[in-house]
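Q: Have a look at the structure that comes next, please.
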Amino acid sequence: MKEVYPGIFLIKEKGTSGAIKPPENIYVLAGSDGIIFDAGYGTKKVVKHLITEIKKVEELYKKQNKEFKLTRIIVSHCHPDHFSGLKRIRETLGIKVYLTKKSAEIIKDKQSFIKSFETDAYKDYLRVRKNITRRIINVLRNVGSKLFYQRIYGVSYIDDPEDILDENTEISINEDIWKIFPSPGHAIDHISLYSEEKGILFSGDNILRSITTWLGPPNCDIADYINSIETIQKLPNLKLILAAHGSPIEHPKERIAEILSHRKARERQVLNIIYDNSDNGISPKDIVKAIYPKDSRFLHQVARGWIVLTLKMLEGKNLIKRQEKKKKILFFPAEKD
Ligand SMILES: [Zn+2]
């Protein structure tokens, strides 16, 4: 554990390399009425490590004659690397689980959680032969739910949170007032935790220091994501961002500007390709190929996530239009009035 700000401790959970199980940051806001922000993985080993680290914070506080009591745990959003540890942590520490209504709905049981991955987003943009969405869901249901969720993440579901939080609310933590506000885009139930007095934001997965946040179907929405980042940009007195992965962000304004300009550049890139092909139109699949001409099929599968969502946003803004020809979707620039 590491004290990243007076009274705020960062505990790192190890992951495996790659995007499937990234290393995770858990934060302890220590004091007389403290909380844990994000629950991380739920495997025995990981939770044991977390508890050991929390005990170290407790000892430190006792040595300094400061009161240490954790009362609650909240999560930024219900992706498996953020909520899986909830049950085990609650049982071990005897603390309360606070969830928003949206989060509670997603993780109340396995069916709801798997259902949160069901979407027609890909189907609406990519006419893939054997209904790939259905196939992905089936894989998740069969192999995925057993192997990934239970064994790799240690997922357990919660149907009895002690309290349901409003998405827009204030909570008292160690006698300080913190604001909770919705920040969807990366996930529909994503929330942020902010103290204007301290200038500290817990950003979950929305703002990461050195990597781009995953944006792709089923649960993401780029227009929502940009809105959320712009809301964060306007926070008065923002000084420090504590993210769910990677190091603290000490220059939040610069990082936010970088993220927004990256998204703008990506949007322009897709739009330009559609303009360049305005005579015959271009399919989403060919847009992926145009942006990543040299990359492998696997990378194309990964990259099409943000491309499909960018197309969805451009359609939403009426900047492009679609035509369906022989079961193929082609995009054209929207006519100007
Ligand atoms: Zn996430």
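Chain labels run A, B, ... following the order of the structure tokens; each chain numbers its residues from 1, and ligands are numbered from 1 in the order shown.
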What residues in segment 117-312 of chain A get the DSSP label strand (DSSP E)? Please answer as a list of chain:residue names.
A: A:Asp163, A:Ile164, A:Leu165, A:Thr169, A:Glu170, A:Ile171, A:Ser172, A:Ile173, A:Asp176, A:Ile177, A:Trp178, A:Lys179, A:Ile180, A:Phe181, A:Pro182, A:Ile191, A:Ser192, A:Leu193, A:Tyr194, A:Ser195, A:Ile200, A:Leu201, A:Phe202, A:Ser203, A:Gly204, A:Leu240, A:Ile241, A:Leu242, A:Ala243
Q: Create the file for the chosen residues now, containing N, CA, C and O atoms and written as a compact mmCIF listing (two decimals), in the first residue's frame.
A:
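File written: result-v7.txt
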```
# COMPACT_ATOMS: atom_id res chain seq x y z
N ASP A 163 -27.18 -0.68 0.82
CA ASP A 163 -27.84 0.57 0.47
C ASP A 163 -27.78 0.80 -1.03
O ASP A 163 -26.85 0.36 -1.70
N ILE A 164 -28.81 1.47 -1.56
CA ILE A 164 -28.82 1.87 -2.96
C ILE A 164 -28.53 3.36 -3.02
O ILE A 164 -29.24 4.17 -2.42
N LEU A 165 -27.47 3.70 -3.73
CA LEU A 165 -27.05 5.09 -3.84
C LEU A 165 -27.71 5.75 -5.05
O LEU A 165 -27.88 5.11 -6.08
N THR A 169 -25.31 12.24 -6.02
CA THR A 169 -25.56 12.41 -4.59
C THR A 169 -24.30 12.87 -3.87
O THR A 169 -23.24 13.00 -4.49
N GLU A 170 -24.45 13.15 -2.61
CA GLU A 170 -23.28 13.48 -1.80
C GLU A 170 -23.21 12.48 -0.67
O GLU A 170 -24.23 12.10 -0.11
N ILE A 171 -21.99 12.04 -0.35
CA ILE A 171 -21.86 11.17 0.82
C ILE A 171 -20.77 11.72 1.73
O ILE A 171 -19.86 12.43 1.28
N SER A 172 -20.93 11.39 3.00
CA SER A 172 -19.93 11.84 3.96
C SER A 172 -18.92 10.71 4.17
O SER A 172 -19.30 9.57 4.43
N ILE A 173 -17.65 11.04 3.99
CA ILE A 173 -16.58 10.06 4.22
C ILE A 173 -15.61 10.70 5.21
O ILE A 173 -15.04 11.76 4.93
N ASP A 176 -15.93 14.33 5.73
CA ASP A 176 -15.81 15.22 4.57
C ASP A 176 -16.94 14.89 3.60
O ASP A 176 -17.35 13.74 3.49
N ILE A 177 -17.36 15.90 2.86
CA ILE A 177 -18.42 15.66 1.87
C ILE A 177 -17.79 15.33 0.51
O ILE A 177 -16.93 16.06 0.01
N TRP A 178 -18.21 14.22 -0.06
CA TRP A 178 -17.77 13.81 -1.40
C TRP A 178 -18.99 13.74 -2.31
O TRP A 178 -20.07 13.35 -1.89
N LYS A 179 -18.75 14.09 -3.56
CA LYS A 179 -19.84 14.08 -4.52
C LYS A 179 -19.75 12.81 -5.37
O LYS A 179 -18.66 12.43 -5.80
N ILE A 180 -20.89 12.19 -5.62
CA ILE A 180 -20.95 11.07 -6.56
C ILE A 180 -21.75 11.56 -7.77
O ILE A 180 -22.79 12.19 -7.59
N PHE A 181 -21.22 11.35 -8.96
CA PHE A 181 -22.00 11.75 -10.14
C PHE A 181 -21.84 10.73 -11.26
O PHE A 181 -20.81 10.06 -11.34
N PRO A 182 -22.87 10.59 -12.12
CA PRO A 182 -22.78 9.59 -13.19
C PRO A 182 -21.75 9.99 -14.23
O PRO A 182 -21.61 11.18 -14.55
N ILE A 191 -19.77 5.57 -12.32
CA ILE A 191 -19.88 6.78 -11.51
C ILE A 191 -18.49 7.30 -11.16
O ILE A 191 -17.51 6.57 -11.26
N SER A 192 -18.42 8.57 -10.75
CA SER A 192 -17.17 9.15 -10.27
C SER A 192 -17.38 9.65 -8.85
O SER A 192 -18.51 9.96 -8.46
N LEU A 193 -16.29 9.76 -8.12
CA LEU A 193 -16.34 10.25 -6.74
C LEU A 193 -15.42 11.45 -6.65
O LEU A 193 -14.25 11.38 -7.03
N TYR A 194 -15.96 12.58 -6.17
CA TYR A 194 -15.17 13.82 -6.21
C TYR A 194 -15.28 14.64 -4.94
O TYR A 194 -16.37 14.82 -4.37
N SER A 195 -14.13 15.14 -4.50
CA SER A 195 -14.12 16.11 -3.41
C SER A 195 -13.63 17.43 -3.95
O SER A 195 -12.46 17.57 -4.33
N ILE A 200 -9.84 16.19 -5.52
CA ILE A 200 -9.50 14.81 -5.89
C ILE A 200 -10.68 14.10 -6.54
O ILE A 200 -11.79 14.13 -6.03
N LEU A 201 -10.38 13.46 -7.67
CA LEU A 201 -11.39 12.68 -8.37
C LEU A 201 -10.97 11.22 -8.47
O LEU A 201 -9.84 10.92 -8.88
N PHE A 202 -11.88 10.33 -8.09
CA PHE A 202 -11.68 8.92 -8.39
C PHE A 202 -12.38 8.66 -9.72
O PHE A 202 -13.60 8.75 -9.82
N SER A 203 -11.58 8.37 -10.74
CA SER A 203 -12.13 8.37 -12.11
C SER A 203 -12.49 6.98 -12.63
O SER A 203 -12.98 6.86 -13.74
N GLY A 204 -12.24 5.94 -11.83
CA GLY A 204 -12.54 4.59 -12.32
C GLY A 204 -11.76 4.30 -13.60
O GLY A 204 -10.55 4.56 -13.66
N LEU A 240 -6.12 16.36 -8.73
CA LEU A 240 -5.50 15.02 -8.76
C LEU A 240 -6.55 13.99 -9.16
O LEU A 240 -7.66 13.99 -8.63
N ILE A 241 -6.17 13.14 -10.12
CA ILE A 241 -7.08 12.06 -10.51
C ILE A 241 -6.48 10.73 -10.07
O ILE A 241 -5.32 10.42 -10.37
N LEU A 242 -7.27 9.97 -9.36
CA LEU A 242 -6.86 8.64 -8.94
C LEU A 242 -7.66 7.63 -9.76
O LEU A 242 -8.88 7.52 -9.62
N ALA A 243 -6.96 6.95 -10.65
CA ALA A 243 -7.63 6.07 -11.62
C ALA A 243 -7.61 4.62 -11.17
O ALA A 243 -6.86 4.25 -10.27
```
Q: Please identify all protein, DNA and RNA residues within 10 Å of ligand 1, counting only C-alpha atoms and all ligand atoms, and report them as a list in words.
A: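 Answer in the requested format: Ser76, His77, Cys78, His79, Pro80, Asp81, His82, Phe83, His186, Ala187, His190, Gly204, Asp205, Asn206, Thr213, Trp214, Leu215, Asn219, Cys220, Ala244 and His245 of chain A.
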Q: Okay, now the selection with N, CA and C atoms, as a PDB file, in the first residue's frame?
A:
```pdb
ATOM      1  N   SER A  76     -16.816   1.771  -8.907  1.00  0.00           N
ATOM      2  CA  SER A  76     -16.974   2.751  -9.987  1.00  0.00           C
ATOM      3  C   SER A  76     -17.958   2.239 -11.050  1.00  0.00           C
ATOM      4  N   HIS A  77     -17.900   0.960 -11.360  1.00  0.00           N
ATOM      5  CA  HIS A  77     -18.809   0.377 -12.343  1.00  0.00           C
ATOM      6  C   HIS A  77     -18.697  -1.134 -12.297  1.00  0.00           C
ATOM      7  N   CYS A  78     -19.639  -1.801 -12.935  1.00  0.00           N
ATOM      8  CA  CYS A  78     -19.707  -3.251 -12.781  1.00  0.00           C
ATOM      9  C   CYS A  78     -19.052  -4.031 -13.909  1.00  0.00           C
ATOM     10  N   HIS A  79     -17.794  -3.755 -14.175  1.00  0.00           N
ATOM     11  CA  HIS A  79     -16.982  -4.671 -14.957  1.00  0.00           C
ATOM     12  C   HIS A  79     -16.300  -5.614 -13.955  1.00  0.00           C
ATOM     13  N   PRO A  80     -15.998  -6.854 -14.406  1.00  0.00           N
ATOM     14  CA  PRO A  80     -15.542  -7.858 -13.436  1.00  0.00           C
ATOM     15  C   PRO A  80     -14.294  -7.480 -12.649  1.00  0.00           C
ATOM     16  N   ASP A  81     -13.416  -6.643 -13.215  1.00  0.00           N
ATOM     17  CA  ASP A  81     -12.217  -6.260 -12.457  1.00  0.00           C
ATOM     18  C   ASP A  81     -12.522  -5.221 -11.381  1.00  0.00           C
ATOM     19  N   HIS A  82     -13.778  -4.781 -11.283  1.00  0.00           N
ATOM     20  CA  HIS A  82     -14.116  -3.755 -10.286  1.00  0.00           C
ATOM     21  C   HIS A  82     -15.090  -4.211  -9.208  1.00  0.00           C
ATOM     22  N   PHE A  83     -15.917  -5.202  -9.518  1.00  0.00           N
ATOM     23  CA  PHE A  83     -16.922  -5.583  -8.522  1.00  0.00           C
ATOM     24  C   PHE A  83     -16.732  -6.975  -7.923  1.00  0.00           C
ATOM     25  N   HIS A 186     -17.868   4.498 -20.905  1.00  0.00           N
ATOM     26  CA  HIS A 186     -17.100   3.240 -20.860  1.00  0.00           C
ATOM     27  C   HIS A 186     -18.009   2.116 -20.356  1.00  0.00           C
ATOM     28  N   ALA A 187     -18.878   2.446 -19.418  1.00  0.00           N
ATOM     29  CA  ALA A 187     -19.891   1.507 -18.924  1.00  0.00           C
ATOM     30  C   ALA A 187     -21.134   2.313 -18.581  1.00  0.00           C
ATOM     31  N   HIS A 190     -21.279   3.641 -14.901  1.00  0.00           N
ATOM     32  CA  HIS A 190     -20.061   4.232 -14.328  1.00  0.00           C
ATOM     33  C   HIS A 190     -20.366   5.498 -13.513  1.00  0.00           C
ATOM     34  N   GLY A 204     -12.244   5.938 -11.828  1.00  0.00           N
ATOM     35  CA  GLY A 204     -12.537   4.588 -12.323  1.00  0.00           C
ATOM     36  C   GLY A 204     -11.755   4.303 -13.596  1.00  0.00           C
ATOM     37  N   ASP A 205     -12.450   3.832 -14.624  1.00  0.00           N
ATOM     38  CA  ASP A 205     -11.787   3.528 -15.892  1.00  0.00           C
ATOM     39  C   ASP A 205     -11.871   4.681 -16.896  1.00  0.00           C
ATOM     40  N   ASN A 206     -12.528   5.766 -16.524  1.00  0.00           N
ATOM     41  CA  ASN A 206     -12.773   6.813 -17.525  1.00  0.00           C
ATOM     42  C   ASN A 206     -11.521   7.577 -17.933  1.00  0.00           C
ATOM     43  N   THR A 213      -8.857   4.339 -22.623  1.00  0.00           N
ATOM     44  CA  THR A 213      -9.942   3.542 -22.056  1.00  0.00           C
ATOM     45  C   THR A 213     -10.607   2.691 -23.132  1.00  0.00           C
ATOM     46  N   TRP A 214     -10.908   1.465 -22.794  1.00  0.00           N
ATOM     47  CA  TRP A 214     -11.607   0.583 -23.737  1.00  0.00           C
ATOM     48  C   TRP A 214     -12.984   1.148 -24.061  1.00  0.00           C
ATOM     49  N   LEU A 215     -13.245   1.292 -25.345  1.00  0.00           N
ATOM     50  CA  LEU A 215     -14.566   1.726 -25.798  1.00  0.00           C
ATOM     51  C   LEU A 215     -15.005   0.821 -26.932  1.00  0.00           C
ATOM     52  N   ASN A 219     -21.328  -2.376 -24.119  1.00  0.00           N
ATOM     53  CA  ASN A 219     -21.818  -1.441 -23.098  1.00  0.00           C
ATOM     54  C   ASN A 219     -21.395   0.006 -23.256  1.00  0.00           C
ATOM     55  N   CYS A 220     -20.533   0.274 -24.228  1.00  0.00           N
ATOM     56  CA  CYS A 220     -19.957   1.618 -24.292  1.00  0.00           C
ATOM     57  C   CYS A 220     -20.710   2.518 -25.261  1.00  0.00           C
ATOM     58  N   ALA A 244      -8.427   3.814 -11.811  1.00  0.00           N
ATOM     59  CA  ALA A 244      -8.543   2.397 -11.440  1.00  0.00           C
ATOM     60  C   ALA A 244      -7.362   1.555 -11.937  1.00  0.00           C
ATOM     61  N   HIS A 245      -6.640   2.088 -12.916  1.00  0.00           N
ATOM     62  CA  HIS A 245      -5.445   1.388 -13.386  1.00  0.00           C
ATOM     63  C   HIS A 245      -4.345   2.432 -13.562  1.00  0.00           C
TER      64      HIS A 245
END
```
Q: May I have the residues within 10 Å of His251 of chain A as number ranges by chain, using only C-alpha atoms and disregarding those fewer than 2 positions away in the same chain?
A: A: 209, 238-241, 248-249, 253-256
Q: Write the residues you've just listed into a file as a compact mmCIF listing (two decimals), in the first residue's frame, and include N, CA, C and O atoms for each of them.
A:
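To be explicit, this is the file written out as out_10.txt:
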```txt
# COMPACT_ATOMS: atom_id res chain seq x y z
N ARG A 209 -3.98 7.15 -16.95
CA ARG A 209 -2.83 8.00 -17.18
C ARG A 209 -2.16 7.77 -18.54
O ARG A 209 -1.87 8.69 -19.27
N LEU A 238 -10.18 20.85 -9.78
CA LEU A 238 -9.64 19.49 -9.99
C LEU A 238 -8.10 19.51 -10.00
O LEU A 238 -7.48 20.19 -10.80
N LYS A 239 -7.52 18.74 -9.06
CA LYS A 239 -6.05 18.77 -8.92
C LYS A 239 -5.39 17.40 -9.12
O LYS A 239 -4.24 17.32 -9.54
N LEU A 240 -6.12 16.36 -8.73
CA LEU A 240 -5.50 15.02 -8.76
C LEU A 240 -6.55 13.99 -9.16
O LEU A 240 -7.66 13.99 -8.63
N ILE A 241 -6.17 13.14 -10.12
CA ILE A 241 -7.08 12.06 -10.51
C ILE A 241 -6.48 10.73 -10.07
O ILE A 241 -5.32 10.42 -10.37
N PRO A 248 -1.30 7.72 -10.29
CA PRO A 248 -2.11 8.94 -10.13
C PRO A 248 -1.79 9.97 -11.23
O PRO A 248 -0.68 10.01 -11.73
N ILE A 249 -2.78 10.74 -11.57
CA ILE A 249 -2.62 11.74 -12.63
C ILE A 249 -2.54 13.11 -11.97
O ILE A 249 -3.53 13.64 -11.46
N LYS A 253 -5.74 18.38 -16.12
CA LYS A 253 -6.21 19.18 -17.26
C LYS A 253 -5.54 18.75 -18.55
O LYS A 253 -6.19 18.61 -19.58
N GLU A 254 -4.21 18.53 -18.45
CA GLU A 254 -3.46 18.12 -19.65
C GLU A 254 -3.95 16.76 -20.14
O GLU A 254 -4.15 16.55 -21.33
N ARG A 255 -4.12 15.84 -19.21
CA ARG A 255 -4.54 14.48 -19.60
C ARG A 255 -5.94 14.50 -20.22
O ARG A 255 -6.20 13.83 -21.21
N ILE A 256 -6.84 15.29 -19.62
CA ILE A 256 -8.20 15.38 -20.15
C ILE A 256 -8.18 15.96 -21.57
O ILE A 256 -8.84 15.45 -22.48
```
Q: For Phe332 of chain A, please output as a list of chain:residue names all residues within 10 Å (counting only C-alpha atoms; exclusion window: fewer than 6 positions along the same chain).
A: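 My reading of the contact set: A:Leu271, A:Ile273, A:Ile274, A:Tyr275, A:Asp276, A:Asn277, A:Ser278, A:Asp279, A:Asn280, A:Gly281, A:Ile282, A:Ser283, A:Leu319, A:Ile320, A:Lys321, A:Arg322, A:Gln323.
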Q: Taking the DSSP assignment computed from this structure's backbone, write out as an NGL selection string all residues of segment 64-279 of chain A that belong to helix (DSSP H, G or I).
A: :A and (80-83 or 86-93 or 101-106 or 110-115 or 121-125 or 132-152 or 222-233 or 252-276)
Q: If you count only C-alpha atoms, which residues fall within 10 Å of segment 60-62 of chain A, apart from same-chain ones fewer than 6 positions away, as JSON, numbers by chain?
A: {"A": [7, 30, 31, 54, 68, 69]}
Q: Those selected residues, please, written with N, CA, C and O atoms and delivered as a PDB file, in the first residue's frame.
A:
```pdb
ATOM      1  N   GLY A   7      -4.245  10.385   3.977  1.00  0.00           N
ATOM      2  CA  GLY A   7      -5.472   9.658   4.300  1.00  0.00           C
ATOM      3  C   GLY A   7      -6.024   8.789   3.182  1.00  0.00           C
ATOM      4  O   GLY A   7      -7.015   8.096   3.371  1.00  0.00           O
ATOM      5  N   ALA A  30      -9.034   6.375   4.446  1.00  0.00           N
ATOM      6  CA  ALA A  30      -8.915   5.962   5.845  1.00  0.00           C
ATOM      7  C   ALA A  30      -9.402   7.037   6.799  1.00  0.00           C
ATOM      8  O   ALA A  30      -9.275   8.228   6.528  1.00  0.00           O
ATOM      9  N   GLY A  31      -9.970   6.573   7.916  1.00  0.00           N
ATOM     10  CA  GLY A  31     -10.443   7.499   8.942  1.00  0.00           C
ATOM     11  C   GLY A  31     -11.468   6.836   9.830  1.00  0.00           C
ATOM     12  O   GLY A  31     -11.554   5.602   9.873  1.00  0.00           O
ATOM     13  N   ILE A  54      -4.758  -3.683   3.905  1.00  0.00           N
ATOM     14  CA  ILE A  54      -5.650  -2.810   4.686  1.00  0.00           C
ATOM     15  C   ILE A  54      -5.258  -2.850   6.166  1.00  0.00           C
ATOM     16  O   ILE A  54      -5.241  -1.820   6.844  1.00  0.00           O
ATOM     17  N   PHE A  68      -9.358   4.418  13.057  1.00  0.00           N
ATOM     18  CA  PHE A  68      -9.470   3.746  11.759  1.00  0.00           C
ATOM     19  C   PHE A  68     -10.653   2.800  11.763  1.00  0.00           C
ATOM     20  O   PHE A  68     -10.681   1.816  12.501  1.00  0.00           O
ATOM     21  N   LYS A  69     -11.633   3.144  10.971  1.00  0.00           N
ATOM     22  CA  LYS A  69     -12.787   2.252  10.848  1.00  0.00           C
ATOM     23  C   LYS A  69     -13.332   2.346   9.426  1.00  0.00           C
ATOM     24  O   LYS A  69     -13.669   3.430   8.949  1.00  0.00           O
TER      25      LYS A  69
END
```
Q: Find, counting only C-alpha atoms, the residue in A:Asp33, A:Glu53, A:Asp166, A:Glu24 that gets nearest to Phe9 of chain A.
A: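 Nearest to Phe9 of chain A: A:Glu53.
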Q: Would you pick out the contacts of segment 303-314 of chain A at 10 Å or less, using only C-alpha atoms, so that residues sharing its chain but fewer than 4 positions from it are not included, and give the list as a PyMOL selection string?
A: chain A and resi 121-122+124-126+214-218+220-224+263+266-271+284-285+287-289+291-292+295+297-299+318-322+331+333-334
Q: Any idea what the distance is between atom CA of Ala104 of chain A and atom CA of Val75 of chain A?
A: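 Straight-line distance from atom CA of Ala104 of chain A to atom CA of Val75 of chain A works out to 10.5 Å.
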